[in-house]
There are 4 protein chains.
Amino acid sequence: MTVRVGVIGTGWIGQEHIRRLTDTVTGAEVTAVTDIDAARAEEVAARTGARVHASAADLIAADDVDAVLVTSWGPTHAEHVLGAIAAGKQVFCEKPLATTSEDCLRVVEAERAHGRRLVQVGFMRRYDVGYRQLKEVLSAGSIGAPLIVHCAHRNPTVPKSYTSHMAAQDTAVHEIDVLRWLLDDEIVSAQVITPRATSHRHEHLRDPQIMLFETTNGVRIDLEVFVNCQYGYDIQCETVGETGLARLPDPAAVAVRTGGTSGTAVLQDWQGRFVNAFDTEFREWIAGIAAGEEPSGPSAWDGYAATVITDAAVRSLESGGPVVSVDMKPRPVFYGGAV
Amino acid sequence: MTVRVGVIGTGWIGQEHIRRLTDTVTGAEVTAVTDIDAARAEEVAARTGARVHASAADLIAADDVDAVLVTSWGPTHAEHVLGAIAAGKQVFCEKPLATTSEDCLRVVEAERAHGRRLVQVGFMRRYDVGYRQLKEVLSAGSIGAPLIVHCAHRNPTVPKSYTSHMAAQDTAVHEIDVLRWLLDDEIVSAQVITPRATSHRHEHLRDPQIMLFETTNGVRIDLEVFVNCQYGYDIQCETVGETGLARLPDPAAVAVRTGGTSGTAVLQDWQGRFVNAFDTEFREWIAGIAAGEEPSGPSAWDGYAATVITDAAVRSLESGGPVVSVDMKPRPVFYGGAV
Amino acid sequence: MTVRVGVIGTGWIGQEHIRRLTDTVTGAEVTAVTDIDAARAEEVAARTGARVHASAADLIAADDVDAVLVTSWGPTHAEHVLGAIAAGKQVFCEKPLATTSEDCLRVVEAERAHGRRLVQVGFMRRYDVGYRQLKEVLSAGSIGAPLIVHCAHRNPTVPKSYTSHMAAQDTAVHEIDVLRWLLDDEIVSAQVITPRATSHRHEHLRDPQIMLFETTNGVRIDLEVFVNCQYGYDIQCETVGETGLARLPDPAAVAVRTGGTSGTAVLQDWQGRFVNAFDTEFREWIAGIAAGEEPSGPSAWDGYAATVITDAAVRSLESGGPVVSVDMKPRPVFYGGAV
Amino acid sequence: MTVRVGVIGTGWIGQEHIRRLTDTVTGAEVTAVTDIDAARAEEVAARTGARVHASAADLIAADDVDAVLVTSWGPTHAEHVLGAIAAGKQVFCEKPLATTSEDCLRVVEAERAHGRRLVQVGFMRRYDVGYRQLKEVLSAGSIGAPLIVHCAHRNPTVPKSYTSHMAAQDTAVHEIDVLRWLLDDEIVSAQVITPRATSHRHEHLRDPQIMLFETTNGVRIDLEVFVNCQYGYDIQCETVGETGLARLPDPAAVAVRTGGTSGTAVLQDWQGRFVNAFDTEFREWIAGIAAGEEPSGPSAWDGYAATVITDAAVRSLESGGPVVSVDMKPRPVFYGGAV
């Protein structure tokens, strides 16, 4: 059985995923596309053989659309996801699930009302081989109960449109999701402190930032977000447990000794770093649909949690760095919670 | 366009590749299978929806077979490959291309007579990300002209059926192919010397062995083949050039500090080590066929060269370790040579 | 010229340094010892040929004592150092310079009144090859202006006598001193947060602790102090600058691949980790005295600064984790300051 | 007790060791020097307070010389060592012990006749922390019986005076000695093969060279000697045993990430690489003399063995690369042998 996917939003990331579903992932076909820029949708459709729909609603309703992929502008995500839920179709929504926690909750409520999971949110790190190895080490108890996590998220540069809030909302959000999953624990407070700023940044931007999180179990996380580090794209994650520590591996790279240095190249962008994770993410999503299963990836609840936690971080940054409690509803039983 | 593949030989490796073509590689479909064990062929067909053919000849001739995959017993390879060439169909042949250099040459001659490349031989290392990075470093001139290559090929253990000759024929053959490609150079002599034997081996087996090769350009290669090294599956390759050296990376692995040791796990089998290389190998093979291109992977000539070089190594081992010249025909222009 | 050293305090660390001055460092001789435990002093003297003095005052005054080494109980340090200053003799004082900031200031004032530096405090990390390399990298501007420092100080276990305050006073104090020197910057605030406690600790002890420091230049330091980490003695220090990062190396160790793991042994105690630093520290101290120079190592002011900064950290720990300003006097011109 | 050392030969290496015995090693004093260049001897004496002797014979005979250090021109070594033996004084001879195996044997015979060990040869690698760790790993049986050793000895460049023979005599000789000691085994044959030559060499020089050795126990050693490798001074040694492998560590170095590369600096000369080994070598030599013990370092026999093994390597190189048996006398019981 081939899963027929309709794609809402044919910008850069939408095109990336269309290419992925077409060329890399087996068992999928992109049959429908739509975009607020109709010309762009036409152009993408022409290349892929998909049909263009005039609206997201039409696309969601189409008979030849088994599942929906939302890669449109962030503020429109919630509406499209709600539309897919209403149609009873599985929907993969690129992060964020919604731009406000209220909208995230509306999705959560709609899905609960539907009674089965339909929504998956695009946090791809859970599909990275290194993070999966790390989770295995933790689950095996090889380093005992986790106590501390040291992380860094570094980009070589960011465009001028990148604002201080985006350090939490667009950048740290990946660590927030993957750490909740890695630790199987919830984040209850956030704090952002601002070191001396790098001179290699746009005037308006606080960079670097250090984010501190605490979990229900008392695990302390420190996350350096440094988006103009100049030297490369570099993701670090070290978990310290009661009897040892485990560290996310750097990508394998040829070691070269020349000119007085022994070194390896550092990647320069996240696409190269996480391309395999994206592939696996979609491979598992499609396979699940083909098998008639509910999605096993990041849920609407995870999308909600990420939003309220990043909200707390942004509030701390805006207020000059206090510890801010995460204002999260109790997790419903439907999402594995106690309530 | 979907490439319809017929598979000759449904043993373990055949089933692996059928699964790969079905689940992992897009644009392919296994439409036909055959095996000398008809029951096994039926069983595999039942799982995949392929049609069972009574003979390889029937399968090759079938209208719904665009390309042929040969994963049968080694001594039958040449016959099936020749059959596919006669039918004008592309054929992927698992190593070896043939068990004798004479049979390899028959394939080479048949393909030349056909006038277009149809044959690809299954040397998957050329598709490994690490080797490809290494080739890029060499091609970029980052370490100058290569002078020496140090290699090791270690397996934790081998079954009792593994004989001393197989160290060259089944094990070193991977380095032989990948080094010819990496260096863009030809191997002209081989020598095998035998260190003190490990006590962790079957009585009849010479293990470890050190193989020394020389190339047309005078590059010297030393290759340790140690198939009962106990500790893991470990592939090492270090190229020393005029201005530096470059080393194949170990697979990325979580670093763990616990119990007084800082360490990473070593892989235990080649499947884990080269699974991505196998996927890429078939992905590129299928994409080439779909695009109407000749195969770009290891050619019939490469299959012939690997066989005559391993023959030289085996002759050195049998004769107590002298340097043995490789008895290779001049490379035809058809395969990029001067003759 | 041989520098004749009198040693006040012949406990474990005193004996270590006597052995070092006798066997490892050239140009020194231990001519005098004293201890509140007279029998122990006699025993040490018998082994080394030193003369036993009934009191520290006698030892300091002795004609055959050119310089004084204070390795007695912490609360007596200030008195002995003041005595040496009064006698106009150079004095090496093991950390702490004094147990209160008031006593540290008394030493500072006495030395200023004397008009030449006489005091060196025993912070040995500044003499570690790795830290010195790190300082060179920073000084060369290879990573730009420092913005953030990530540190960890881990011991496998501590005895029951180790209290929560000692995490700052005895353990973190080494990072506090070496980071002030490494960054050539002053620490202006301290904060201690307490992650989930390890179960491998004595009941009364907060372990691990995370200490956060800020410097005059806005550099943010996070320091994990984990003194029951079980797996080994492990010192980490990574400085993130505007254009790159530099990391303190782990001690060189033989890499072993066996039993499915590729690993190196982790040291189990600080003696092994810093033995060379101790040797260099005393070699340079003795050489300076022999050359008639003022001490170039950590000064009385550095001893004072370390004490007031650890005081701030302890206050934060006691108060539940607020940011505590460091209550430091302006640095006198005598010690390189502006006042 | 201070050991009074007389130094024959005050060239660069002699001055290095004089500085070492004066400034770094405790318990030693250089009381006498001599050199064929009398002016140079005077100059060195003036700096150190040593007395100048008109001849080596005078120096050896002097009452204030307890032990002799030979750092003169290689061809004179044997004569001075024999003189010291005749005087019954311990003598440290920089490599080589003698420039011919016959002269080495004369020293061996003279020492045997004397009846106690007096001679130590300056192979400093046995004192390197890394090699000592490696020997501990082997001795502990952590990797089982050794089967193969892979080595590399690389220098960035050599002066024009360096000839092809020196690759064995001056460079590989260090590996030859340290591997005999590491493996506790004897080398029985040598072979030199010559890869494509680097263009970064003087016309007359074969560079790189690959040396192959076999030991009594059948261990096979491959040693790459590459003295114009351009990128740095780099010493590699990996021992493969029945159950694992162990690798000499690279020197600890600060890891820097900047400009798209994660790297460490490679040392550029052997002085930096082995400075600690030299210090330990002399510290142990002096301590042994002070304790009235025979020397425990490389013996006259080791000096003889190194010479006959390098002779075999040179003969192989001159003859175009055949395997050459090492023409070694049976090891006398006096040196731990069976004869």
# chains A, B, ... in the order shown; residues from 1 in each chain; ligands from 1
>>> closest_atom_pairs(of="chain C", to="chain A", cutoff="9 Å", atoms="only C-alpha atoms", output="Markdown table")
| residue | atom | partner | partner_atom | distance |
| --- | --- | --- | --- | --- |
| C:Ala145 | CA | A:Thr198 | CA | 8.1 |
| C:Pro146 | CA | A:Arg196 | CA | 8.5 |
| C:Leu147 | CA | A:Arg196 | CA | 5.6 |
| C:Ile148 | CA | A:Pro195 | CA | 6.8 |
| C:His150 | CA | A:His150 | CA | 8.9 |
| C:Ile193 | CA | A:Arg220 | CA | 8.6 |
| C:Thr194 | CA | A:Arg220 | CA | 8.0 |
| C:Pro195 | CA | A:Arg220 | CA | 5.3 |
| C:Arg196 | CA | A:Gly218 | CA | 4.5 |
| C:Ala197 | CA | A:Leu147 | CA | 7.2 |
| C:Thr198 | CA | A:Glu242 | CA | 5.5 |
| C:Ser199 | CA | A:Glu242 | CA | 7.2 |
| C:His200 | CA | A:Glu242 | CA | 7.1 |
| C:Pro208 | CA | A:Leu147 | CA | 8.1 |
| C:Ile210 | CA | A:Arg220 | CA | 8.6 |
| C:Glu214 | CA | A:Pro195 | CA | 8.1 |
| C:Asn217 | CA | A:Arg196 | CA | 6.8 |
| C:Gly218 | CA | A:Arg196 | CA | 4.5 |
| C:Val219 | CA | A:Pro195 | CA | 5.5 |
| C:Arg220 | CA | A:Pro195 | CA | 5.3 |
| C:Ile221 | CA | A:Pro195 | CA | 9.0 |
| C:Asp222 | CA | A:Asp222 | CA | 8.5 |
| C:Glu224 | CA | A:Ile148 | CA | 8.8 |
| C:Asn228 | CA | A:Glu242 | CA | 8.1 |
| C:Cys229 | CA | A:Thr243 | CA | 5.7 |
| C:Gln230 | CA | A:Thr243 | CA | 5.3 |
| C:Tyr231 | CA | A:Gly244 | CA | 5.8 |
| C:Gly232 | CA | A:Gly244 | CA | 8.8 |
| C:Val240 | CA | A:Cys229 | CA | 8.7 |
| C:Gly241 | CA | A:Cys229 | CA | 7.9 |
| C:Glu242 | CA | A:Thr198 | CA | 5.5 |
| C:Thr243 | CA | A:Gln230 | CA | 5.3 |
| C:Gly244 | CA | A:Tyr231 | CA | 5.8 |
| C:Leu245 | CA | A:Tyr231 | CA | 8.7 |
>>> calpha_fit_and_write(fixed="chain B", moving="chain A", output="short mmCIF file (atom, residue, chain, number, x, y, z; two decimals) with C-alpha atoms, in the first residue's frame")
data_model
loop_
_atom_site.label_atom_id
_atom_site.label_comp_id
_atom_site.auth_asym_id
_atom_site.auth_seq_id
_atom_site.Cartn_x
_atom_site.Cartn_y
_atom_site.Cartn_z
CA MET A 1 9.16 4.71 -13.46
CA THR A 2 9.60 1.72 -11.19
CA VAL A 3 12.53 -0.57 -11.94
CA ARG A 4 11.39 -4.21 -11.87
CA VAL A 5 14.12 -6.45 -10.53
CA GLY A 6 14.48 -10.20 -10.84
CA VAL A 7 16.56 -11.90 -8.18
CA ILE A 8 18.57 -15.07 -8.82
CA GLY A 9 19.37 -16.69 -5.49
CA THR A 10 17.18 -16.21 -2.43
CA GLY A 11 19.58 -17.18 0.32
CA TRP A 12 20.48 -14.88 3.18
CA ILE A 13 22.11 -12.14 1.14
CA GLY A 14 19.44 -12.36 -1.56
CA GLN A 15 16.71 -11.90 1.03
CA GLU A 16 18.62 -8.99 2.53
CA HIS A 17 18.73 -7.22 -0.83
CA ILE A 18 15.09 -8.05 -1.61
CA ARG A 19 14.11 -6.43 1.68
CA ARG A 20 16.35 -3.47 0.81
CA LEU A 21 14.81 -3.05 -2.67
CA THR A 22 11.34 -3.36 -1.21
CA ASP A 23 11.51 -1.34 1.99
CA THR A 24 14.44 1.03 1.77
CA VAL A 25 15.14 1.94 -1.84
CA THR A 26 12.52 3.92 -3.71
CA GLY A 27 11.70 3.26 -7.34
CA ALA A 28 12.28 -0.49 -7.29
CA GLU A 29 10.09 -3.55 -7.17
CA VAL A 30 11.11 -7.20 -6.95
CA THR A 31 8.91 -8.90 -9.51
CA ALA A 32 10.69 -12.21 -9.99
CA VAL A 33 12.78 -14.68 -8.00
CA THR A 34 14.41 -18.03 -8.59
CA ASP A 35 16.56 -20.36 -6.53
CA ILE A 36 17.93 -23.89 -6.85
CA ASP A 37 15.94 -24.51 -3.68
CA ALA A 38 12.46 -24.04 -5.14
CA ALA A 39 10.74 -24.15 -1.75
CA ARG A 40 12.87 -21.29 -0.49
CA ALA A 41 12.06 -19.28 -3.60
CA GLU A 42 8.35 -19.93 -3.09
CA GLU A 43 8.55 -18.83 0.51
CA VAL A 44 10.33 -15.59 -0.34
CA ALA A 45 7.94 -14.96 -3.22
CA ALA A 46 4.95 -15.44 -0.96
CA ARG A 47 6.22 -12.73 1.37
CA THR A 48 7.03 -10.22 -1.36
CA GLY A 49 4.52 -10.80 -4.12
CA ALA A 50 7.22 -11.72 -6.63
CA ARG A 51 6.69 -14.45 -9.19
CA VAL A 52 8.81 -17.61 -8.97
CA HIS A 53 10.66 -18.73 -12.08
CA ALA A 54 11.79 -22.27 -12.61
CA SER A 55 15.19 -21.20 -13.93
CA ALA A 56 17.51 -18.25 -14.07
CA ALA A 57 17.14 -18.23 -17.84
CA ASP A 58 13.36 -17.85 -17.54
CA LEU A 59 13.74 -15.09 -15.01
CA ILE A 60 16.22 -13.17 -17.15
CA ALA A 61 13.93 -13.45 -20.14
CA ALA A 62 10.77 -12.36 -18.32
CA ASP A 63 9.05 -9.23 -19.62
CA ASP A 64 8.48 -7.85 -16.18
CA VAL A 65 12.18 -7.99 -15.31
CA ASP A 66 14.04 -4.80 -16.19
CA ALA A 67 17.22 -5.66 -14.32
CA VAL A 68 18.76 -8.71 -12.71
CA LEU A 69 20.30 -9.18 -9.29
CA VAL A 70 22.64 -12.16 -8.90
CA THR A 71 22.97 -13.40 -5.33
CA SER A 72 23.34 -17.09 -6.00
CA TRP A 73 26.28 -19.38 -5.17
CA GLY A 74 29.59 -17.86 -6.37
CA PRO A 75 30.45 -20.49 -9.03
CA THR A 76 27.16 -19.74 -10.85
CA HIS A 77 27.65 -15.95 -11.02
CA ALA A 78 29.39 -15.80 -14.39
CA GLU A 79 26.72 -17.85 -16.16
CA HIS A 80 23.88 -15.63 -14.89
CA VAL A 81 25.71 -12.42 -15.65
CA LEU A 82 26.45 -13.66 -19.17
CA GLY A 83 22.77 -14.51 -19.52
CA ALA A 84 21.74 -11.00 -18.54
CA ILE A 85 24.23 -9.47 -20.94
CA ALA A 86 22.89 -11.64 -23.71
CA ALA A 87 19.41 -10.34 -22.88
CA GLY A 88 20.72 -6.75 -22.86
CA LYS A 89 19.61 -6.22 -19.26
CA GLN A 90 21.52 -4.48 -16.49
CA VAL A 91 22.79 -6.91 -13.90
CA PHE A 92 24.07 -6.40 -10.37
CA CYS A 93 26.31 -9.28 -9.32
CA GLU A 94 27.32 -9.80 -5.72
CA LYS A 95 31.03 -10.42 -5.36
CA PRO A 96 32.75 -12.31 -6.81
CA LEU A 97 31.96 -11.60 -10.45
CA ALA A 98 33.28 -15.11 -11.11
CA THR A 99 35.44 -17.59 -9.25
CA THR A 100 38.14 -17.73 -11.92
CA SER A 101 39.87 -14.99 -13.80
CA GLU A 102 39.02 -16.78 -17.06
CA ASP A 103 35.31 -16.53 -16.32
CA CYS A 104 35.71 -12.89 -15.33
CA LEU A 105 37.33 -12.24 -18.71
CA ARG A 106 34.45 -13.96 -20.49
CA VAL A 107 32.09 -11.48 -18.85
CA VAL A 108 34.34 -8.59 -19.71
CA GLU A 109 34.50 -9.72 -23.34
CA ALA A 110 30.73 -10.23 -23.55
CA GLU A 111 30.06 -6.78 -22.17
CA ARG A 112 32.57 -5.16 -24.55
CA ALA A 113 30.92 -6.99 -27.42
CA HIS A 114 27.55 -5.66 -26.27
CA GLY A 115 29.01 -2.17 -26.46
CA ARG A 116 27.48 -0.61 -23.38
CA ARG A 117 28.08 -1.25 -19.68
CA LEU A 118 25.45 -3.49 -18.14
CA VAL A 119 27.32 -5.09 -15.23
CA GLN A 120 27.88 -3.79 -11.71
CA VAL A 121 29.75 -5.79 -9.08
CA GLY A 122 28.75 -5.59 -5.42
CA PHE A 123 31.72 -3.91 -3.77
CA MET A 124 29.82 -1.74 -1.32
CA ARG A 125 32.68 0.10 0.38
CA ARG A 126 32.83 2.66 -2.40
CA TYR A 127 29.42 3.78 -1.07
CA ASP A 128 30.49 4.17 2.55
CA VAL A 129 30.38 7.78 3.72
CA GLY A 130 33.79 7.51 5.38
CA TYR A 131 35.57 6.15 2.31
CA ARG A 132 33.87 8.78 0.17
CA GLN A 133 35.12 11.51 2.51
CA LEU A 134 38.57 9.96 2.34
CA LYS A 135 38.50 10.02 -1.44
CA GLU A 136 37.46 13.67 -1.38
CA VAL A 137 40.40 14.51 0.85
CA LEU A 138 42.77 12.69 -1.51
CA SER A 139 41.22 14.21 -4.63
CA ALA A 140 41.44 17.68 -3.14
CA GLY A 141 45.18 17.18 -2.77
CA SER A 142 44.99 17.92 0.95
CA ILE A 143 47.71 15.39 1.76
CA GLY A 144 49.63 15.41 -1.52
CA ALA A 145 50.35 12.35 -3.63
CA PRO A 146 49.66 9.10 -1.73
CA LEU A 147 52.74 7.05 -0.86
CA ILE A 148 51.63 4.45 1.67
CA VAL A 149 48.33 2.98 2.89
CA HIS A 150 48.00 1.17 6.21
CA CYS A 151 44.88 -0.95 6.53
CA ALA A 152 43.35 -3.44 8.91
CA HIS A 153 40.33 -5.69 8.44
CA ARG A 154 39.35 -7.42 11.65
CA ASN A 155 36.44 -9.72 12.43
CA PRO A 156 35.69 -10.97 15.93
CA THR A 157 35.48 -14.60 14.79
CA VAL A 158 34.79 -16.71 11.70
CA PRO A 159 33.04 -20.06 11.34
CA LYS A 160 34.96 -23.27 10.89
CA SER A 161 34.20 -23.26 7.15
CA TYR A 162 36.43 -20.20 6.70
CA THR A 163 39.74 -21.25 5.11
CA SER A 164 43.09 -19.53 4.81
CA HIS A 165 42.43 -18.60 1.18
CA MET A 166 39.29 -16.77 2.13
CA ALA A 167 41.37 -14.17 3.95
CA ALA A 168 42.24 -12.88 0.47
CA GLN A 169 39.19 -13.97 -1.50
CA ASP A 170 36.39 -13.00 0.85
CA THR A 171 37.92 -10.54 3.26
CA ALA A 172 40.83 -8.61 1.72
CA VAL A 173 38.96 -8.39 -1.57
CA HIS A 174 37.00 -5.47 -0.14
CA GLU A 175 40.16 -3.51 0.56
CA ILE A 176 41.59 -4.48 -2.82
CA ASP A 177 38.61 -2.99 -4.63
CA VAL A 178 38.20 0.09 -2.51
CA LEU A 179 41.92 0.94 -2.59
CA ARG A 180 42.11 0.67 -6.39
CA TRP A 181 39.21 3.15 -6.47
CA LEU A 182 40.50 5.34 -3.66
CA LEU A 183 43.97 5.70 -5.16
CA ASP A 184 42.83 5.58 -8.78
CA ASP A 185 45.77 3.26 -9.27
CA GLU A 186 46.35 -0.42 -10.10
CA ILE A 187 47.83 -3.13 -7.91
CA VAL A 188 50.77 -4.89 -9.58
CA SER A 189 52.05 -7.28 -6.93
CA ALA A 190 50.91 -9.05 -3.81
CA GLN A 191 52.63 -10.77 -0.93
CA VAL A 192 51.28 -12.50 2.15
CA ILE A 193 53.29 -12.92 5.32
CA THR A 194 52.10 -14.85 8.32
CA PRO A 195 52.75 -13.61 11.84
CA ARG A 196 52.54 -15.83 14.86
CA ALA A 197 49.08 -17.39 14.71
CA THR A 198 46.44 -16.57 17.26
CA SER A 199 45.37 -19.43 19.51
CA HIS A 200 41.75 -18.29 18.98
CA ARG A 201 41.39 -19.86 15.56
CA HIS A 202 40.41 -23.17 14.00
CA GLU A 203 43.40 -25.47 13.57
CA HIS A 204 43.52 -25.24 9.78
CA LEU A 205 43.45 -21.44 9.53
CA ARG A 206 46.39 -19.04 9.09
CA ASP A 207 45.27 -16.05 11.12
CA PRO A 208 46.28 -13.25 11.19
CA GLN A 209 47.82 -12.58 7.79
CA ILE A 210 49.62 -9.46 6.59
CA MET A 211 49.16 -8.64 2.92
CA LEU A 212 51.50 -6.29 1.11
CA PHE A 213 50.57 -4.75 -2.21
CA GLU A 214 52.37 -2.45 -4.59
CA THR A 215 50.68 -0.23 -7.15
CA THR A 216 51.69 1.06 -10.55
CA ASN A 217 52.61 4.37 -8.95
CA GLY A 218 54.73 2.69 -6.30
CA VAL A 219 52.27 3.13 -3.47
CA ARG A 220 52.83 0.46 -0.82
CA ILE A 221 49.84 -0.98 0.99
CA ASP A 222 50.00 -3.08 4.13
CA LEU A 223 46.80 -4.80 5.14
CA GLU A 224 46.37 -6.74 8.33
CA VAL A 225 43.66 -9.38 7.96
CA PHE A 226 42.74 -10.75 11.37
CA VAL A 227 39.47 -12.64 11.40
CA ASN A 228 39.52 -13.94 14.98
CA CYS A 229 40.54 -10.74 16.75
CA GLN A 230 37.89 -11.37 19.39
CA TYR A 231 37.17 -7.74 20.24
CA GLY A 232 34.98 -6.66 17.33
CA TYR A 233 34.54 -5.81 13.67
CA ASP A 234 37.05 -3.10 12.94
CA ILE A 235 38.04 -1.53 9.63
CA GLN A 236 41.03 0.80 9.52
CA CYS A 237 42.48 2.68 6.57
CA GLU A 238 45.13 5.36 6.80
CA THR A 239 46.59 6.97 3.71
CA VAL A 240 49.97 8.67 4.03
CA GLY A 241 50.70 11.30 1.42
CA GLU A 242 53.54 13.66 0.69
CA THR A 243 52.26 16.36 3.02
CA GLY A 244 50.00 14.61 5.50
CA LEU A 245 47.78 11.69 6.26
CA ALA A 246 44.07 10.97 6.29
CA ARG A 247 42.31 8.27 8.24
CA LEU A 248 38.97 6.55 7.71
CA PRO A 249 36.78 7.45 10.68
CA ASP A 250 35.50 4.91 13.15
CA PRO A 251 31.70 4.81 13.25
CA ALA A 252 30.27 7.53 15.49
CA ALA A 253 29.44 6.07 18.89
CA VAL A 254 28.31 7.37 22.25
CA ALA A 255 31.29 7.85 24.56
CA VAL A 256 30.68 6.48 28.03
CA ARG A 257 32.76 7.03 31.15
CA THR A 258 32.03 4.51 33.83
CA GLY A 259 33.86 2.07 36.06
CA GLY A 260 37.27 3.61 35.50
CA THR A 261 37.11 3.52 31.71
CA SER A 262 36.30 6.08 29.06
CA GLY A 263 35.16 4.15 26.03
CA THR A 264 32.94 3.52 23.08
CA ALA A 265 31.39 0.28 21.91
CA VAL A 266 33.05 -1.46 18.95
CA LEU A 267 30.70 -2.90 16.35
CA GLN A 268 30.49 -6.67 16.23
CA ASP A 269 29.55 -7.31 12.60
CA TRP A 270 29.92 -5.91 9.10
CA GLN A 271 26.17 -5.60 8.60
CA GLY A 272 26.01 -2.75 11.11
CA ARG A 273 29.20 -1.21 9.77
CA PHE A 274 28.15 -1.09 6.13
CA VAL A 275 24.35 -1.06 6.18
CA ASN A 276 24.24 2.53 4.90
CA ALA A 277 26.75 1.71 2.18
CA PHE A 278 24.56 -1.15 0.96
CA ASP A 279 21.53 1.15 0.91
CA THR A 280 23.35 3.81 -1.05
CA GLU A 281 24.79 1.24 -3.43
CA PHE A 282 21.35 -0.01 -4.42
CA ARG A 283 19.78 3.45 -4.37
CA GLU A 284 22.33 4.66 -6.91
CA TRP A 285 22.07 1.50 -9.00
CA ILE A 286 18.28 1.76 -9.27
CA ALA A 287 18.37 5.51 -9.90
CA GLY A 288 20.83 4.99 -12.72
CA ILE A 289 18.66 2.38 -14.39
CA ALA A 290 15.58 4.58 -14.00
CA ALA A 291 17.50 7.42 -15.64
CA GLY A 292 18.56 5.22 -18.52
CA GLU A 293 22.22 5.49 -17.62
CA GLU A 294 24.98 2.90 -17.65
CA PRO A 295 25.98 1.69 -14.17
CA SER A 296 28.53 3.93 -12.45
CA GLY A 297 29.63 1.47 -9.76
CA PRO A 298 32.33 -1.23 -9.79
CA SER A 299 32.53 -2.66 -13.30
CA ALA A 300 33.11 -6.12 -14.72
CA TRP A 301 36.72 -5.02 -15.15
CA ASP A 302 36.90 -4.20 -11.43
CA GLY A 303 35.49 -7.65 -10.74
CA TYR A 304 38.18 -9.18 -12.95
CA ALA A 305 40.94 -7.12 -11.36
CA ALA A 306 39.86 -8.08 -7.85
CA THR A 307 39.98 -11.73 -8.83
CA VAL A 308 43.44 -11.69 -10.36
CA ILE A 309 44.83 -9.70 -7.44
CA THR A 310 43.35 -12.05 -4.86
CA ASP A 311 44.71 -14.94 -6.95
CA ALA A 312 48.20 -13.46 -6.61
CA ALA A 313 47.76 -13.13 -2.85
CA VAL A 314 46.60 -16.71 -2.54
CA ARG A 315 49.56 -17.87 -4.62
CA SER A 316 51.93 -15.99 -2.30
CA LEU A 317 50.33 -17.55 0.76
CA GLU A 318 50.56 -21.05 -0.77
CA SER A 319 54.19 -20.55 -1.73
CA GLY A 320 55.36 -19.39 1.67
CA GLY A 321 55.26 -15.64 1.15
CA PRO A 322 57.14 -14.51 -1.97
CA VAL A 323 56.18 -11.36 -3.86
CA VAL A 324 53.84 -12.46 -6.66
CA SER A 325 53.22 -10.31 -9.72
CA VAL A 326 49.61 -9.72 -10.59
CA ASP A 327 48.91 -11.31 -13.95
CA MET A 328 46.48 -8.74 -15.31
CA LYS A 329 45.60 -8.12 -18.94
CA PRO A 330 45.93 -4.54 -20.20
CA ARG A 331 42.82 -2.56 -19.35
CA PRO A 332 40.65 -2.02 -22.43
CA VAL A 333 39.70 1.49 -23.50
CA PHE A 334 36.10 0.43 -22.95
CA TYR A 335 36.87 0.36 -19.20
CA GLY A 336 38.84 3.58 -19.17
CA GLY A 337 42.17 1.98 -20.03
CA ALA A 338 44.80 2.68 -22.66
CA VAL A 339 44.36 -0.50 -24.67
#
>>> select_by_dssp(residues="segment 46-101 of chain D", states="strand (DSSP E)", output="list in words")
Arg51, Val52, Ala67, Val68, Leu69, Val70, Gln90, Val91, Phe92, Cys93 and Glu94 of chain D
>>> select_by_dssp(residues="segment 122-330 of chain B", states="helix (DSSP H, G or I)", output="ChimeraX atom specification")
/B:124-127,129-139,166-183,270-290,300-318
